[in-house]
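Asks: Please read through the structure below; I'll follow up with questions.
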Amino acid sequence: MSGRSGQWELVRELLRAVPKGRRRFALATLLAALSSMSSVALMGVAAWLISFAAMAPPVLYLQAAAVLVRAFGISRGVTRYAERIVGHDLVLRMQSALRIRVYDKLAGTTLIGRRRGDLLTRIVSDVAAIQDVVVRVVIPVLSASLVVTATTVILATFNLPSALVLLATAALGGVGVPYLAQRATLRIDLESVPTRGRLADGVREFSRTARDLAAYGATDQALARVLAVDDDLRTQEARGAWVRGIAGAGQLLAAGAAVVAALLIGTPALVDGSLDPRHLAVLVLTPLALHEVLNTFTQAAQTWTRSRAALQRVAETLDAPDVGSGDAVPADASGEGLVLDDVTIGWPGAPALFSGLDLRVRPGERVALVGPSGVGKTTVAATVMGLVPPVVGRIARGGRVGYLAQDAHVFATSVAENVRIGNKDATPEQVSAALTRAGLDDLDPDRVLGEGGTGLSGGERRRLAFARVVADERDLLILDEPTEHLDHETAERLVNDIFAATSGQALLVLTHDAAVVGRCDRVHELIDPRGTTQGHPATGPGPDVLEPPRSLE
């Protein structure tokens, strides 16, 4: 799915996904057209009423027009309200359907290696762009087209030249000016969408590493980078607003031209008797109401550019190849914990990180995987779990895999529900057993935690994440930096409890901690020669490489 056709196809698919979606869309468009037509008709009838009243006819001759003025005044508000209800109900359903599709896509792949701030922007803001496309672009344009056509036809019965001029100025104000404005801001409108993603990335990274930045004295530099992105976005928004102002002046000139043309055309017609005196005011004032309908078209054109870019980002997420579901690696019939035989590791569509990786982890064995930051330890873990297919080589594992992530999130819910993330069907007894294995015997399963595990210590949060891993039967466990950010005493107790709880299981530990490396049976070191990286077994514990706190992105 790519380009404009892909975005329109996405809109059509979402319309089909909503029950009676096309009927709802047609009804919303009709209601919007009726509301705009009521505004135009209100101006036309009021102009006719005022002109006729100036001729001092009997009052009864004015009653029909007076009733129509009230009717159009009321119907304008009623139909606009109804259009808002129907239109927004439709787009919220479409937005929900699209968000579910994105969630389903992400649930079947891996988030490792993706910029999470940008990904969050795609899930929230970019998905919401479908709302802008429907209620701020498509429905207004279609409804306005109906109104312009109907108004031109009706005015043509009074004076054809004036109607044709009105049509020309409507095309200028509703098509020409918005098109020029869109072209003037095309580049910055397209750039503003990924800029929002970069800003979300920067804010997220800054908030997550604020204490570490303060400790290293790097707060000012990091904040300056975030503010620089914010300045870029502000500049882009200001440029778009400036162009909208100029375009607004252009649309005002188009409306004025329509009024002047109506006077120039209608006055001679009035003099020679071919135009009813009551109709001159209609010809002159109706363009004001019609052009008011077109006032939002410049913003709609810019909104379309940004929404198109946002939906393109959503489409890229939906069209991204599945890199695995966790079951891509076949179980090894021999029952061995893990075997990697001459494996080349890399992400799909990217150069291989390293090749020739041979690794074996037997049941009951603990193997440390070490290497410089960025060499690909987490990618190895993703490949072992089946999230990333190996480029070449053979991988076999004895059964189910458990993974203790370096930055496992603790959700704002009960302790028990946090444990059930590892086994959604876990009984209360299984939850308690998992907490016990993780060394959290005293933690109440019904205790409600704050966002990010507020109320728990760093060690307790890590133990809770480990309880998820052991909440179900696992044959192979992968621990990614299990002691990261923990003090020495807390880390030692945690490792003791983890090793005690996993006796008999194959254990692969990704770590920089020399103490953890020393507790393992074997060490496998990944070497990064800046180009052709390759794994090879080390004869003993590798060097203790210090690594500043970082995310898995």
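Note on naming: chains are A, B, ... as they come in the structure tokens, residues start from 1 per chain, ligands start from 1 in the order shown.
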Using DSSP secondary structure from the backbone, list all strand (DSSP E or B) positions within segment 258-421 of chain A, as an NGL selection string.
Replies: :A and (331 or 338-345 or 354-361 or 366-370 or 392-397 or 401-404 or 414)
Asks: Write out as an MDAnalysis selection string the residues lying within 12 Å of Ala416 of chain A, counting only C-alpha atoms and excluding same-chain residues fewer than 2 positions away.
Replies: chainID A and resid 410:414 418:435 440 443:449 464:465 467:468 471
Asks: Residues at most 7 Å from segment 484-494 of chain A, counting only C-alpha atoms, excluding those fewer than 4 positions away in the same chain, as a ChimeraX atom specification?
Replies: /A:458-459,498
Asks: Could you jot down the atom CA of Arg313 of chain A to atom CA of Val102 of chain A separation for me, Å, one decimal place?
Replies: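 If I compute the distance from atom CA of Arg313 of chain A to atom CA of Val102 of chain A, I get 11.2 Å.
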Asks: Need the shell around segment 295-299 of chain A: protein/DNA/RNA residues with any atom at most 7 Å away, counting only C-alpha atoms. Skip same-chain ones fewer than 4 positions apart. Format as a list in words?
Replies: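 Result of the neighbour search: Gly174, Pro178, Ala181, Arg244, Ala247, Gln251, His291 and Thr303 of chain A.
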Asks: Can you list, as an MDAnalysis selection string, every protein, DNA or RNA residue that comes within 12 Å of Thr305 of chain A when you count only C-alpha atoms, leaving out same-chain residues fewer than 4 positions away?
Replies: chainID A and resid 3:4 7 129 132:133 136:137 178:179 181:193 240 298:301 309:312
Asks: Tell me which protein, DNA and RNA residues are within 8 Å of Val148 of chain A, counting only C-alpha atoms, leaving out same-chain ones fewer than 5 positions away, and put them as a PyMOL selection string.
Replies: chain A and resi 167+170+290
Asks: Skip segment 360-376 of chain A itself and residues of its chain fewer than 4 positions away, then list as number ranges by chain all residues within 6 Å of it, counting only C-alpha atoms.
Replies: A: 336-339, 503-511, 517, 520-526, 528
Asks: Work out how far atom CA of Gly402 of chain A is from atom CA of Leu477 of chain A, in Å to one decimal.
Replies: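 Distance between the two atoms: 4.7 Å.
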Asks: Using only C-alpha atoms for the distances, tell me which of A:Leu172, A:Ile527, A:Asp126, A:Tyr81 is nearest to Glu316 of chain A.
Replies: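 Answer, going by the shortest atom-to-atom distance: A:Asp126.
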Asks: Please identify the alpha helix (DSSP H) residues within segment 32-127 of chain A (assignment by DSSP from backbone atoms) and present them as number ranges by chain.
Replies: A: 32-53, 60-107, 116-121, 127
Asks: Just to confirm, what's the straight-line distance from atom CA of Trp347 of chain A to atom CA of Arg400 of chain A in Å (one decimal)?
Replies: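 Taking atom CA of Trp347 of chain A as the start and atom CA of Arg400 of chain A as the end point, the length is 22.3 Å.
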